[in-house]
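A.B. asks: Structure supplied as protein.cif; contents: mmCIF, C-alpha atoms.
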data_protein
loop_
_atom_site.label_atom_id
_atom_site.label_comp_id
_atom_site.auth_asym_id
_atom_site.auth_seq_id
_atom_site.Cartn_x
_atom_site.Cartn_y
_atom_site.Cartn_z
CA MET Z 15 0.00 0.00 0.00
CA ASP Z 16 1.36 3.46 -0.87
CA ARG Z 17 0.60 6.67 0.99
CA ASP Z 18 -2.43 7.49 -1.16
CA ASP Z 19 -3.96 4.10 -0.40
CA ASP Z 20 -3.16 4.61 3.27
CA LYS Z 21 -4.87 7.99 3.21
CA LYS Z 22 -7.95 6.59 1.48
CA MET Z 23 -8.19 3.80 4.01
CA MET Z 24 -7.88 6.23 6.91
CA VAL Z 25 -10.59 8.41 5.39
CA ARG Z 26 -12.88 5.39 5.29
CA ILE Z 27 -12.05 4.57 8.89
CA ALA Z 28 -12.61 8.17 9.97
CA GLY Z 29 -16.03 7.85 8.35
CA GLY Z 30 -16.83 4.86 10.57
CA ASP Z 31 -16.09 2.07 8.06
CA LYS Z 32 -15.45 -0.96 10.28
CA LYS Z 33 -14.50 -3.17 7.34
CA ALA Z 34 -11.69 -0.78 6.39
CA PHE Z 35 -10.59 -0.78 10.02
CA GLU Z 36 -10.45 -4.57 10.03
CA GLU Z 37 -8.42 -4.55 6.80
CA LEU Z 38 -5.95 -2.12 8.34
CA TYR Z 39 -5.73 -4.27 11.45
CA GLU Z 40 -5.09 -7.41 9.38
CA SER Z 41 -2.33 -5.74 7.38
CA THR Z 42 -0.49 -4.02 10.23
CA SER Z 43 -1.22 -5.67 13.57
CA LYS Z 44 1.40 -8.41 13.30
CA GLN Z 45 4.26 -5.98 12.81
CA VAL Z 46 2.91 -3.62 15.45
CA PHE Z 47 2.63 -6.50 17.91
CA TYR Z 48 6.20 -7.63 17.17
CA TYR Z 49 7.39 -4.05 17.68
CA LEU Z 50 5.56 -3.82 21.00
CA GLN Z 51 6.87 -7.16 22.24
CA ARG Z 52 10.45 -6.18 21.44
CA LEU Z 53 10.04 -2.69 22.90
CA MET Z 54 8.33 -3.78 26.08
CA GLN Z 55 10.03 -7.17 26.37
CA SER Z 56 6.73 -8.59 27.45
CA ARG Z 57 4.01 -10.43 25.56
CA GLU Z 58 1.25 -9.69 28.06
CA GLY Z 59 2.10 -6.01 28.26
CA ALA Z 60 2.24 -5.83 24.47
CA GLU Z 61 -1.21 -7.41 24.20
CA ASP Z 62 -2.80 -4.80 26.47
CA VAL Z 63 -1.13 -1.98 24.61
CA LEU Z 64 -2.06 -3.40 21.19
CA ILE Z 65 -5.75 -3.11 22.05
CA GLU Z 66 -5.31 0.47 23.19
CA VAL Z 67 -3.28 1.26 20.05
CA TYR Z 68 -6.04 0.22 17.65
CA ALA Z 69 -8.74 1.85 19.77
CA GLN Z 70 -6.78 5.09 19.33
CA VAL Z 71 -6.31 4.45 15.61
CA TRP Z 72 -10.10 4.20 15.31
CA GLN Z 73 -10.65 7.39 17.31
CA ASN Z 74 -7.95 9.42 15.57
CA ALA Z 75 -8.03 8.17 11.98
CA GLY Z 76 -9.34 11.58 10.93
CA ASN Z 77 -6.10 13.16 12.14
CA PHE Z 78 -3.97 11.06 9.76
CA ARG Z 79 -2.55 13.54 7.24
CA GLY Z 80 -0.73 11.06 4.99
CA GLN Z 81 2.66 12.62 5.64
CA SER Z 82 3.99 9.18 6.58
CA ARG Z 83 2.84 5.65 5.86
CA ALA Z 84 -0.04 4.39 7.96
CA LYS Z 85 2.26 1.75 9.45
CA THR Z 86 4.69 4.43 10.68
CA TRP Z 87 1.81 6.47 12.09
CA ILE Z 88 0.48 3.43 13.97
CA PHE Z 89 3.98 2.59 15.21
CA GLY Z 90 4.11 6.13 16.58
CA ILE Z 91 0.90 5.59 18.57
CA ALA Z 92 2.18 2.19 19.73
CA ARG Z 93 5.49 3.69 20.81
CA ASN Z 94 3.87 6.46 22.89
CA LEU Z 95 1.55 4.04 24.66
CA ALA Z 96 4.30 1.48 25.26
CA LEU Z 97 6.67 4.08 26.70
CA ASN Z 98 3.89 5.35 28.99
CA GLU Z 99 3.30 1.80 30.16
CA LEU Z 100 7.02 1.23 30.74
CA ARG Z 101 7.26 4.48 32.72
CA LYS Z 102 4.48 3.18 34.96
CA GLY Z 103 6.64 0.12 35.52
CA GLY Z 104 4.40 -2.21 33.56
CA LYS Z 105 4.89 -5.93 33.09
CA ARG Z 106 8.32 -6.91 31.85
CA THR Z 107 9.75 -10.38 31.40
CA VAL Z 108 13.00 -11.76 30.12
CA GLN Z 109 13.72 -11.04 26.47
CA CYS Z 110 12.72 -13.91 24.23
CA LEU Z 111 15.39 -15.40 22.01
CA PRO Z 112 15.23 -17.70 19.02
CA GLU Z 113 15.26 -21.29 20.27
CA THR Z 114 15.22 -23.40 17.16
CA LEU Z 115 17.69 -23.65 14.40
CA GLY Z 116 15.23 -24.80 11.75
CA CYS Z 117 16.08 -27.75 9.50
CA ASP Z 118 19.53 -26.59 8.38
CA ARG Z 119 21.81 -28.26 10.91
CA ASN Z 120 25.27 -28.20 9.31
CA SER Z 121 28.17 -26.78 11.35
CA GLN Z 122 28.13 -23.41 9.56
CA ALA Z 123 24.45 -22.97 10.28
CA VAL Z 124 24.99 -23.93 13.92
CA ASP Z 125 27.79 -21.37 14.23
CA ALA Z 126 25.70 -18.65 12.62
CA PHE Z 127 22.75 -19.49 14.88
CA GLU Z 128 24.91 -19.30 17.99
CA ARG Z 129 26.48 -16.07 16.85
CA GLY Z 130 23.01 -14.65 16.26
CA LEU Z 131 21.84 -15.78 19.68
CA HIS Z 132 24.85 -14.12 21.25
CA ILE Z 133 24.15 -10.85 19.47
CA GLN Z 134 20.48 -10.91 20.47
CA LYS Z 135 21.45 -11.50 24.11
CA ALA Z 136 23.77 -8.51 23.92
CA LEU Z 137 21.06 -6.45 22.20
CA SER Z 138 18.56 -7.20 24.95
CA ALA Z 139 21.01 -5.71 27.46
CA LEU Z 140 21.24 -2.40 25.59
CA SER Z 141 19.26 0.72 26.45
CA LEU Z 142 15.79 0.93 24.94
CA LYS Z 143 16.95 3.75 22.65
CA HIS Z 144 19.76 1.69 21.13
CA ARG Z 145 17.85 -1.59 21.01
CA GLU Z 146 14.91 0.10 19.34
CA ILE Z 147 16.87 1.72 16.51
CA ILE Z 148 18.60 -1.54 15.61
CA ASP Z 149 15.21 -3.28 15.66
CA LEU Z 150 13.65 -0.64 13.41
CA VAL Z 151 16.44 -0.92 10.85
CA PHE Z 152 17.07 -4.65 10.74
CA PHE Z 153 13.86 -6.22 11.97
CA HIS Z 154 11.24 -3.85 10.61
CA ASP Z 155 13.33 -2.82 7.56
CA MET Z 156 12.36 0.82 7.98
CA ILE Z 157 14.15 3.47 5.95
CA TYR Z 158 15.80 6.40 7.73
CA SER Z 159 13.10 8.93 6.91
CA GLU Z 160 10.42 6.67 8.41
CA ILE Z 161 12.48 6.15 11.55
CA ALA Z 162 13.06 9.90 11.78
CA ASP Z 163 9.27 10.46 11.56
CA LEU Z 164 8.55 7.81 14.15
CA LEU Z 165 11.13 8.91 16.69
CA ASP Z 166 10.67 12.60 15.89
CA ILE Z 167 14.36 13.14 15.23
CA SER Z 168 16.33 14.17 12.14
CA GLU Z 169 17.63 11.66 9.60
CA ASN Z 170 21.18 12.60 10.60
CA THR Z 171 20.39 11.74 14.20
CA VAL Z 172 19.02 8.40 12.99
CA LYS Z 173 22.30 7.64 11.22
CA THR Z 174 24.38 8.69 14.23
CA ARG Z 175 22.22 6.75 16.63
CA ILE Z 176 22.62 3.57 14.59
CA PHE Z 177 26.39 3.81 14.93
CA TYR Z 178 26.22 4.61 18.65
CA ALA Z 179 23.93 1.61 19.08
CA LYS Z 180 26.38 -0.58 17.19
CA SER Z 181 29.26 0.63 19.39
CA ALA Z 182 27.20 -0.09 22.50
CA LEU Z 183 26.44 -3.55 21.14
CA GLU Z 184 30.12 -4.25 20.50
CA GLU Z 185 30.92 -3.11 24.04
CA GLN Z 186 28.23 -5.42 25.41
CA LEU Z 187 29.54 -8.34 23.35
CA ARG Z 188 33.04 -7.71 24.74
CA LYS Z 189 31.68 -7.70 28.30
CA MET Z 190 29.88 -10.98 27.70
CA GLU Z 191 33.02 -12.49 26.18
CA ASN Z 192 35.08 -11.44 29.21
CA LYS Z 193 32.54 -13.00 31.57
CA ARG Z 194 32.71 -16.28 29.72
CA ARG Z 195 36.49 -16.48 30.12
CA MET F 28 37.15 12.83 3.47
CA ASN F 29 35.72 11.91 6.89
CA THR F 30 32.28 13.10 5.85
CA GLU F 31 32.50 11.01 2.71
CA LYS F 32 33.49 7.97 4.76
CA HIS F 33 30.67 8.64 7.19
CA ASN F 34 28.22 8.82 4.30
CA TRP F 35 29.34 5.47 2.90
CA LYS F 36 29.08 3.92 6.37
CA ALA F 37 25.60 5.33 6.84
CA MET F 38 24.56 3.48 3.69
CA ILE F 39 25.52 0.05 5.06
CA PRO F 40 22.15 -0.75 6.68
CA LEU F 41 20.32 0.47 3.57
CA TYR F 42 22.55 -1.70 1.37
CA LEU F 43 21.92 -4.75 3.52
CA ASN F 44 18.17 -4.13 3.40
CA GLY F 45 18.25 -3.66 -0.39
CA GLN F 46 17.02 -0.08 -0.01
CA LEU F 47 19.66 1.65 -2.15
CA SER F 48 18.76 2.68 -5.68
CA GLY F 49 20.51 0.85 -8.56
CA ASP F 50 23.18 3.52 -9.21
CA LEU F 51 23.87 4.08 -5.56
CA GLU F 52 24.14 0.36 -4.96
CA LYS F 53 26.75 0.02 -7.73
CA ALA F 54 28.69 3.01 -6.36
CA PHE F 55 28.57 1.50 -2.89
CA GLU F 56 29.89 -1.85 -4.14
CA SER F 57 32.66 -0.12 -6.01
CA GLN F 58 33.61 1.75 -2.81
CA LEU F 59 33.47 -1.54 -0.94
CA ASP F 60 36.16 -2.98 -3.21
CA GLN F 61 38.54 -0.18 -2.28
CA ASP F 62 37.71 0.40 1.39
CA LYS F 63 38.57 -2.45 3.77
CA GLU F 64 37.22 -0.65 6.82
CA LEU F 65 33.87 -0.26 5.09
CA GLY F 66 33.95 -3.99 4.33
CA ARG F 67 34.61 -4.81 7.98
CA GLU F 68 31.74 -2.57 9.12
CA LEU F 69 29.48 -4.21 6.54
CA GLN F 70 30.35 -7.65 7.93
CA GLU F 71 29.53 -6.53 11.48
CA PHE F 72 26.19 -5.06 10.46
CA ASP F 73 25.46 -8.19 8.46
CA ASP F 74 25.96 -10.28 11.61
CA ILE F 75 23.46 -8.06 13.40
CA LYS F 76 20.95 -8.39 10.57
CA LYS F 77 21.35 -12.17 10.47
CA SER F 78 20.77 -12.38 14.22
CA TYR F 79 17.16 -11.41 13.48
CA SER F 80 16.59 -14.36 11.13
CA GLY F 81 15.03 -16.61 13.77
CA MET F 82 13.41 -13.79 15.70
CA VAL F 83 9.91 -14.11 14.26
CA SER F 84 9.72 -17.68 15.52
CA CYS F 85 10.06 -16.52 19.12
CA LEU F 86 7.62 -13.64 18.88
CA SER F 87 3.89 -14.24 19.12
CA ASP F 88 1.35 -13.16 16.56
CA PRO F 89 -1.50 -11.01 17.89
CA PRO F 90 -3.95 -13.24 19.78
CA GLU F 91 -7.04 -14.29 17.83
CA HIS F 92 -9.42 -12.53 20.19
CA ALA F 93 -7.48 -9.24 20.06
CA PHE F 94 -9.62 -7.69 17.33
CA GLU F 95 -12.82 -8.53 19.22
CA LYS F 96 -11.35 -6.91 22.32
CA ILE F 97 -10.48 -3.82 20.31
CA MET F 98 -14.03 -3.56 18.96
CA ASP F 99 -15.43 -4.07 22.48
CA SER F 100 -13.19 -1.31 23.73
CA ILE F 101 -14.33 1.01 20.92
CA ASN F 102 -18.00 0.22 21.52
CA ARG F 103 -17.62 0.78 25.27
CA GLN F 104 -15.96 4.10 24.57
CA ASP F 105 -18.81 5.10 22.24
CA GLU F 106 -21.39 4.10 24.84
CA LYS F 107 -19.61 6.20 27.46
CA VAL F 108 -19.65 9.20 25.16
CA THR F 109 -23.35 8.62 24.42
CA ALA F 110 -24.18 8.46 28.10
CA LYS F 111 -22.13 11.53 28.93
CA SER F 112 -23.01 13.77 26.04
CA PRO F 113 -26.41 14.48 24.52
CA LEU F 114 -24.42 15.86 21.60
CA PHE F 115 -23.15 12.37 20.75
CA SER F 116 -25.34 12.17 17.67
CA ILE F 117 -23.76 15.40 16.48
CA HIS F 118 -20.28 13.94 17.18
CA ALA F 119 -21.17 10.86 15.17
CA LEU F 120 -22.49 13.04 12.37
CA VAL F 121 -19.34 15.16 12.41
CA ARG F 122 -17.25 11.98 12.29
CA LYS F 123 -19.18 10.82 9.24
CA CYS F 124 -18.95 14.19 7.58
CA ARG F 125 -15.23 14.52 8.36
CA GLY F 126 -14.60 11.32 6.48
CA ALA F 127 -16.73 12.54 3.60
CA TYR F 128 -15.01 15.92 3.49
CA GLU F 129 -11.67 14.20 2.91
CA SER F 130 -12.97 13.31 -0.55
CA PHE F 131 -11.87 16.10 -2.89
CA HIS F 132 -14.89 15.93 -5.21
CA LEU F 133 -17.41 15.72 -2.42
CA ALA F 134 -15.77 18.66 -0.66
CA TRP F 135 -16.20 20.77 -3.81
CA ALA F 136 -19.79 19.64 -4.20
CA VAL F 137 -20.59 20.62 -0.60
CA ALA F 138 -18.81 23.96 -1.02
CA SER F 139 -20.83 24.66 -4.19
CA VAL F 140 -24.12 23.90 -2.44
CA GLN F 141 -23.12 26.18 0.45
CA MET F 142 -22.26 28.96 -2.00
CA ALA F 143 -25.62 28.54 -3.77
CA ILE F 144 -27.46 28.81 -0.44
CA ILE F 145 -25.55 31.97 0.46
CA ILE F 146 -26.37 33.56 -2.92
CA VAL F 147 -30.07 32.71 -2.56
CA LEU F 148 -30.14 34.20 0.93
CA VAL F 149 -28.32 37.35 -0.12
CA PHE F 150 -30.45 38.05 -3.19
CA THR F 151 -33.84 37.22 -1.80
CA GLN F 152 -35.55 39.14 0.95
CA ILE F 153 -34.84 37.53 4.27
CA PRO F 154 -38.08 37.69 6.29
CA ASP F 155 -37.90 40.05 9.20
CA ARG F 156 -38.25 37.91 12.27
CA GLY F 157 -39.42 40.78 14.35
CA PHE F 158 -36.41 41.00 16.61
CA LYS F 159 -36.49 44.29 18.47
CA THR F 160 -33.03 45.73 18.69
CA LEU F 161 -34.21 49.27 18.91
CA ASN F 162 -32.55 51.59 21.46
CA GLY F 163 -33.06 51.06 25.18
CA PRO F 164 -33.84 53.88 27.65
CA ASP F 165 -31.19 56.54 27.86
CA LYS F 166 -31.46 58.94 30.83
CA ALA F 167 -29.41 61.62 29.12
CA SER F 168 -31.68 61.54 26.11
CA LEU F 169 -34.78 61.56 28.25
CA SER F 170 -33.69 64.80 29.83
CA ALA F 171 -32.84 66.32 26.44
CA ASN F 172 -34.57 69.46 25.27
CA GLY F 173 -36.98 69.43 22.35
CA THR F 174 -40.41 68.02 21.56
CA MET F 175 -40.94 64.38 22.38
CA ILE F 176 -43.65 61.90 21.56
CA ASN F 177 -44.77 58.75 23.36
CA VAL F 178 -45.47 55.85 21.03
CA VAL F 179 -46.65 52.29 21.42
CA PHE F 180 -46.11 50.14 18.36
CA ASP F 181 -48.32 47.31 17.26
CA ASP F 182 -47.00 43.90 18.39
CA ARG F 183 -47.05 42.66 14.82
CA ALA F 184 -44.91 45.53 13.53
CA THR F 185 -41.42 44.44 12.54
CA GLU F 186 -38.26 46.28 13.34
CA GLY F 187 -37.75 47.11 9.67
CA GLU F 188 -41.22 48.63 9.35
CA ILE F 189 -40.73 50.73 12.49
CA ARG F 190 -37.39 52.02 11.31
CA ALA F 191 -38.86 52.94 7.92
CA LEU F 192 -41.82 54.67 9.55
CA LEU F 193 -39.59 56.72 11.86
CA THR F 194 -37.37 57.81 9.01
CA LEU F 195 -40.34 58.96 6.98
CA SER F 196 -41.93 60.70 9.96
CA GLY F 197 -38.76 62.54 10.94
CA ALA F 198 -38.37 61.10 14.45
CA ILE F 199 -35.83 59.01 16.32
CA ILE F 200 -36.15 56.74 19.31
CA ILE F 201 -34.43 58.12 22.38
CA GLY F 202 -35.89 55.80 24.98
CA GLY F 203 -37.83 52.56 25.51
CA PRO F 204 -39.30 50.19 25.39
CA LEU F 205 -40.62 50.66 28.92
CA GLU F 206 -42.49 47.84 30.67
CA ASN F 207 -45.74 48.87 29.01
CA GLY F 208 -44.10 48.87 25.55
CA LEU F 209 -43.79 52.63 25.37
CA TYR F 210 -41.09 54.22 23.23
CA ILE F 211 -40.05 57.86 23.49
CA LEU F 212 -39.34 59.63 20.23
CA LYS F 213 -37.64 62.93 19.57
CA ILE F 214 -38.71 64.98 16.59
CA ASP F 215 -36.12 66.06 14.06
CA GLU F 216 -35.40 69.77 13.86
CA GLY F 217 -37.54 71.45 11.22
CA LYS F 218 -40.52 69.13 11.78
CA THR F 219 -43.63 70.12 13.64
CA VAL F 220 -45.09 67.92 16.29
CA ASP F 221 -48.51 67.91 14.68
CA THR F 222 -47.22 66.69 11.32
CA VAL F 223 -45.24 63.88 12.91
CA LEU F 224 -48.08 62.89 15.20
CA GLU F 225 -50.51 62.76 12.31
CA HIS F 226 -48.15 60.63 10.29
CA LEU F 227 -47.65 58.23 13.16
CA LYS F 228 -51.33 57.99 14.03
CA ASN F 229 -52.16 57.07 10.46
CA ALA F 230 -49.56 54.32 10.34
CA PRO F 231 -50.91 50.78 10.90
CA GLN F 232 -47.79 49.91 12.93
CA VAL F 233 -48.71 52.42 15.65
CA ARG F 234 -51.23 51.71 18.39
CA LEU F 235 -50.74 54.94 20.32
CA ALA F 236 -49.00 58.21 19.56
CA GLN F 237 -49.24 61.34 21.74
CA LYS F 238 -47.17 64.32 22.69
CA ARG F 239 -44.97 63.77 25.76
CA PHE F 240 -45.23 66.48 28.45
#
Would you write the structure of this file as structure tokens?

C.D. replies:
Amino acid sequence: MDRDDDKKMMVRIAGGDKKAFEELYESTSKQVFYYLQRLMQSREGAEDVLIEVYAQVWQNAGNFRGQSRAKTWIFGIARNLALNELRKGGKRTVQCLPETLGCDRNSQAVDAFERGLHIQKALSALSLKHREIIDLVFFHDMIYSEIADLLDISENTVKTRIFYAKSALEEQLRKMENKRR
Amino acid sequence: MNTEKHNWKAMIPLYLNGQLSGDLEKAFESQLDQDKELGRELQEFDDIKKSYSGMVSCLSDPPEHAFEKIMDSINRQDEKVTAKSPLFSIHALVRKCRGAYESFHLAWAVASVQMAIIIVLVFTQIPDRGFKTLNGPDKASLSANGTMINVVFDDRATEGEIRALLTLSGAIIIGGPLENGLYILKIDEGKTVDTVLEHLKNAPQVRLAQKRF
């Protein structure tokens, strides 16, 4: 869906079209829920917030101006609500990590899986700011302008933050390596 | 030089995600052949990207009942608004209209209809609703010198008719209406009280007209 389609859909929703709302939910909720789970590090917390997110989408669809994609706009609502919940000290559990390797079990695949696991453990120890930007780039495949819109920062800050996050990740990986020795 | 290096580095995530345009991608690959540090950074970012490959398997999809819960929440919210505000139906109407207004063609159609209504109202005589916005009592005026007349207008007389009558008669309101509906008029200079009184008494909008002493 491009921005025009997004805008049309939001117009329908603003006009009370429940079918359009359901279509939007079907096409975006999975990614929004993944984003919330990663941000909040809690499935239960993410579930509560997801419901609130879409209730707000319904209420505020008329405010969507089409300056960003609908997905980015919804991520913005999700982010605000999740951060509010985290500030209140909402539910938080241990970060989930991939457990299965899939069917490819040769030694290279095992090494890559373990390396990935290691990186994800280090990522989960980073600050929310750093963890989030890496997630947005590599998990949600967002481009810099979308991330800038979502986080309300400039594209240059996005680029800088990615490199700071990477440095923090390297530092965390070093710490974990030292502990293992 | 450093800025150029920084720019190439900033492109790494976009390159890995396949988000660079064709030309830029070629230029980036050509730079990659010459710049070992860029290659090392690329490898590190690639490791990070690959670490997400199994991530979806450990995250849950939205629960099946989530959409129902959302609709329940929305309906509850609507009910609350209905209970709180008698204007809810107006809110709902505005919500419907707001959606409709977003349509370019419909917005023009509505604007045209509004314009037509305005033109009709401007060029046809708007019925006088009989609002009385004539002057209230003014103590200074009441004590003014000159000949004055007490008048009671007919209840059915409109403000427009009264104003027209007073202009033709050569009188202005300087006080009223009092509780009994009495207005006090002052006669323009150059008019005689008898002429004005006669004019007023003959007018169907006047129930009583007499000289004020």

A.B. asks: Could you write out as a list in words the residues of chain Z within 6 Å of chain F, counting all atoms listed in the file?

C.D. replies: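 The answer, sorted by residue number, is Val25, Ala28, Gly29, Lys44, Ile65, Ala69, Pro112, Gly130, Phe152 and Lys173 of chain Z.
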
A.B. asks: When distances are computed from all atoms listed in the file, which of F:Ala184, F:Leu51, F:Ile200, F:Ile39 shows the smallest separation from Glu64 in chain F?

C.D. replies: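 Going through F:Ala184, F:Leu51, F:Ile200, F:Ile39 one by one, the smallest distance to Glu64 in chain F is for F:Ile39.
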
A.B. asks: Taking 2 positions as the minimum chain separation for residues in the same chain, which residues sit within 10 Å of Val71 in chain Z when counting only C-alpha atoms? Answer as an mmCIF file with C-alpha atoms, in the coordinates of the input.

C.D. replies:
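Dumped to around_26.cif:
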data_model
loop_
_atom_site.group_PDB
_atom_site.id
_atom_site.type_symbol
_atom_site.label_atom_id
_atom_site.label_comp_id
_atom_site.auth_asym_id
_atom_site.auth_seq_id
_atom_site.Cartn_x
_atom_site.Cartn_y
_atom_site.Cartn_z
ATOM 1 C CA MET Z 24 -7.880 6.230 6.910
ATOM 2 C CA ILE Z 27 -12.050 4.570 8.890
ATOM 3 C CA ALA Z 28 -12.610 8.170 9.970
ATOM 4 C CA PHE Z 35 -10.590 -0.780 10.020
ATOM 5 C CA LEU Z 38 -5.950 -2.120 8.340
ATOM 6 C CA TYR Z 39 -5.730 -4.270 11.450
ATOM 7 C CA ILE Z 65 -5.750 -3.110 22.050
ATOM 8 C CA GLU Z 66 -5.310 0.470 23.190
ATOM 9 C CA VAL Z 67 -3.280 1.260 20.050
ATOM 10 C CA TYR Z 68 -6.040 0.220 17.650
ATOM 11 C CA ALA Z 69 -8.740 1.850 19.770
ATOM 12 C CA GLN Z 73 -10.650 7.390 17.310
ATOM 13 C CA ASN Z 74 -7.950 9.420 15.570
ATOM 14 C CA ALA Z 75 -8.030 8.170 11.980
ATOM 15 C CA GLY Z 76 -9.340 11.580 10.930
ATOM 16 C CA ASN Z 77 -6.100 13.160 12.140
ATOM 17 C CA PHE Z 78 -3.970 11.060 9.760
ATOM 18 C CA ALA Z 84 -0.040 4.390 7.960
ATOM 19 C CA TRP Z 87 1.810 6.470 12.090
ATOM 20 C CA ILE Z 88 0.480 3.430 13.970
ATOM 21 C CA ILE Z 91 0.900 5.590 18.570
ATOM 22 C CA ALA Z 92 2.180 2.190 19.730
#

A.B. asks: Distance CA of Asp31 in chain Z-CA of Tyr49 in chain Z, one decimal place?

C.D. replies: 26.1 Å

A.B. asks: As an exercise, work out the distance from CA of Gln45 in chain Z to CA of Ile161 in chain Z in Å and give it to one decimal place.

C.D. replies: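 Calculated distance between CA of Gln45 in chain Z and CA of Ile161 in chain Z is 14.7 Å.
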
A.B. asks: May I ask which of the residues F:Arg190, F:Thr174, F:Leu209, F:Val179 is the closest one to Val223 in chain F, counting only C-alpha atoms?

C.D. replies: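 Looking only at the distances to Val223 in chain F, the closest residue turns out to be F:Thr174.
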
A.B. asks: For this structure, which residues satisfy the selection - the PyMOL selection byres ((chain Z and resi 17) around 12) - when it is evaluated on the file as given? I want them as an MDAnalysis selection string.

C.D. replies: chainID Z and resid 15:16 18:24 78:87

A.B. asks: Which distance in Å separates CA of Glu99 in chain Z and CA of Glu146 in chain Z, to one decimal?

C.D. replies: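 According to the coordinates, CA of Glu99 in chain Z and CA of Glu146 in chain Z are separated by 16.0 Å.
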
A.B. asks: Taking only C-alpha atoms into account, name the residue in F:Leu227, F:Val149, F:Leu195, F:Met142 that is nearest to Asp181 in chain F.

C.D. replies: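 Closest residue, counting only C-alpha atoms: F:Leu227.
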
A.B. asks: For the structure shown, which residues end up in the PyMOL selection byres ((chain F and resi 219) around 12)? Put them as a PDB file with C-alpha atoms, in the frame of the given file, please?

C.D. replies:
ATOM      1  CA  GLY F 173     -36.980  69.430  22.350  1.00  0.00           C
ATOM      2  CA  THR F 174     -40.410  68.020  21.560  1.00  0.00           C
ATOM      3  CA  MET F 175     -40.940  64.380  22.380  1.00  0.00           C
ATOM      4  CA  ILE F 176     -43.650  61.900  21.560  1.00  0.00           C
ATOM      5  CA  SER F 196     -41.930  60.700   9.960  1.00  0.00           C
ATOM      6  CA  GLY F 197     -38.760  62.540  10.940  1.00  0.00           C
ATOM      7  CA  ALA F 198     -38.370  61.100  14.450  1.00  0.00           C
ATOM      8  CA  LYS F 213     -37.640  62.930  19.570  1.00  0.00           C
ATOM      9  CA  ILE F 214     -38.710  64.980  16.590  1.00  0.00           C
ATOM     10  CA  ASP F 215     -36.120  66.060  14.060  1.00  0.00           C
ATOM     11  CA  GLU F 216     -35.400  69.770  13.860  1.00  0.00           C
ATOM     12  CA  GLY F 217     -37.540  71.450  11.220  1.00  0.00           C
ATOM     13  CA  LYS F 218     -40.520  69.130  11.780  1.00  0.00           C
ATOM     14  CA  VAL F 220     -45.090  67.920  16.290  1.00  0.00           C
ATOM     15  CA  ASP F 221     -48.510  67.910  14.680  1.00  0.00           C
ATOM     16  CA  THR F 222     -47.220  66.690  11.320  1.00  0.00           C
ATOM     17  CA  VAL F 223     -45.240  63.880  12.910  1.00  0.00           C
ATOM     18  CA  LEU F 224     -48.080  62.890  15.200  1.00  0.00           C
ATOM     19  CA  GLU F 225     -50.510  62.760  12.310  1.00  0.00           C
ATOM     20  CA  HIS F 226     -48.150  60.630  10.290  1.00  0.00           C
ATOM     21  CA  LYS F 238     -47.170  64.320  22.690  1.00  0.00           C
TER      22      LYS F 238
END

A.B. asks: What's the 8 Å shell around range 134-138 of chain Z, counting all atoms listed in the file, without same-chain residues fewer than 4 positions away, as a list in words?

C.D. replies: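 Close residues of range 134-138 of chain Z: Gln109, Leu111, Gly130, Arg145, Leu183, Gln186, Leu187 and Met190 of chain Z; Ser78 and Tyr79 of chain F.
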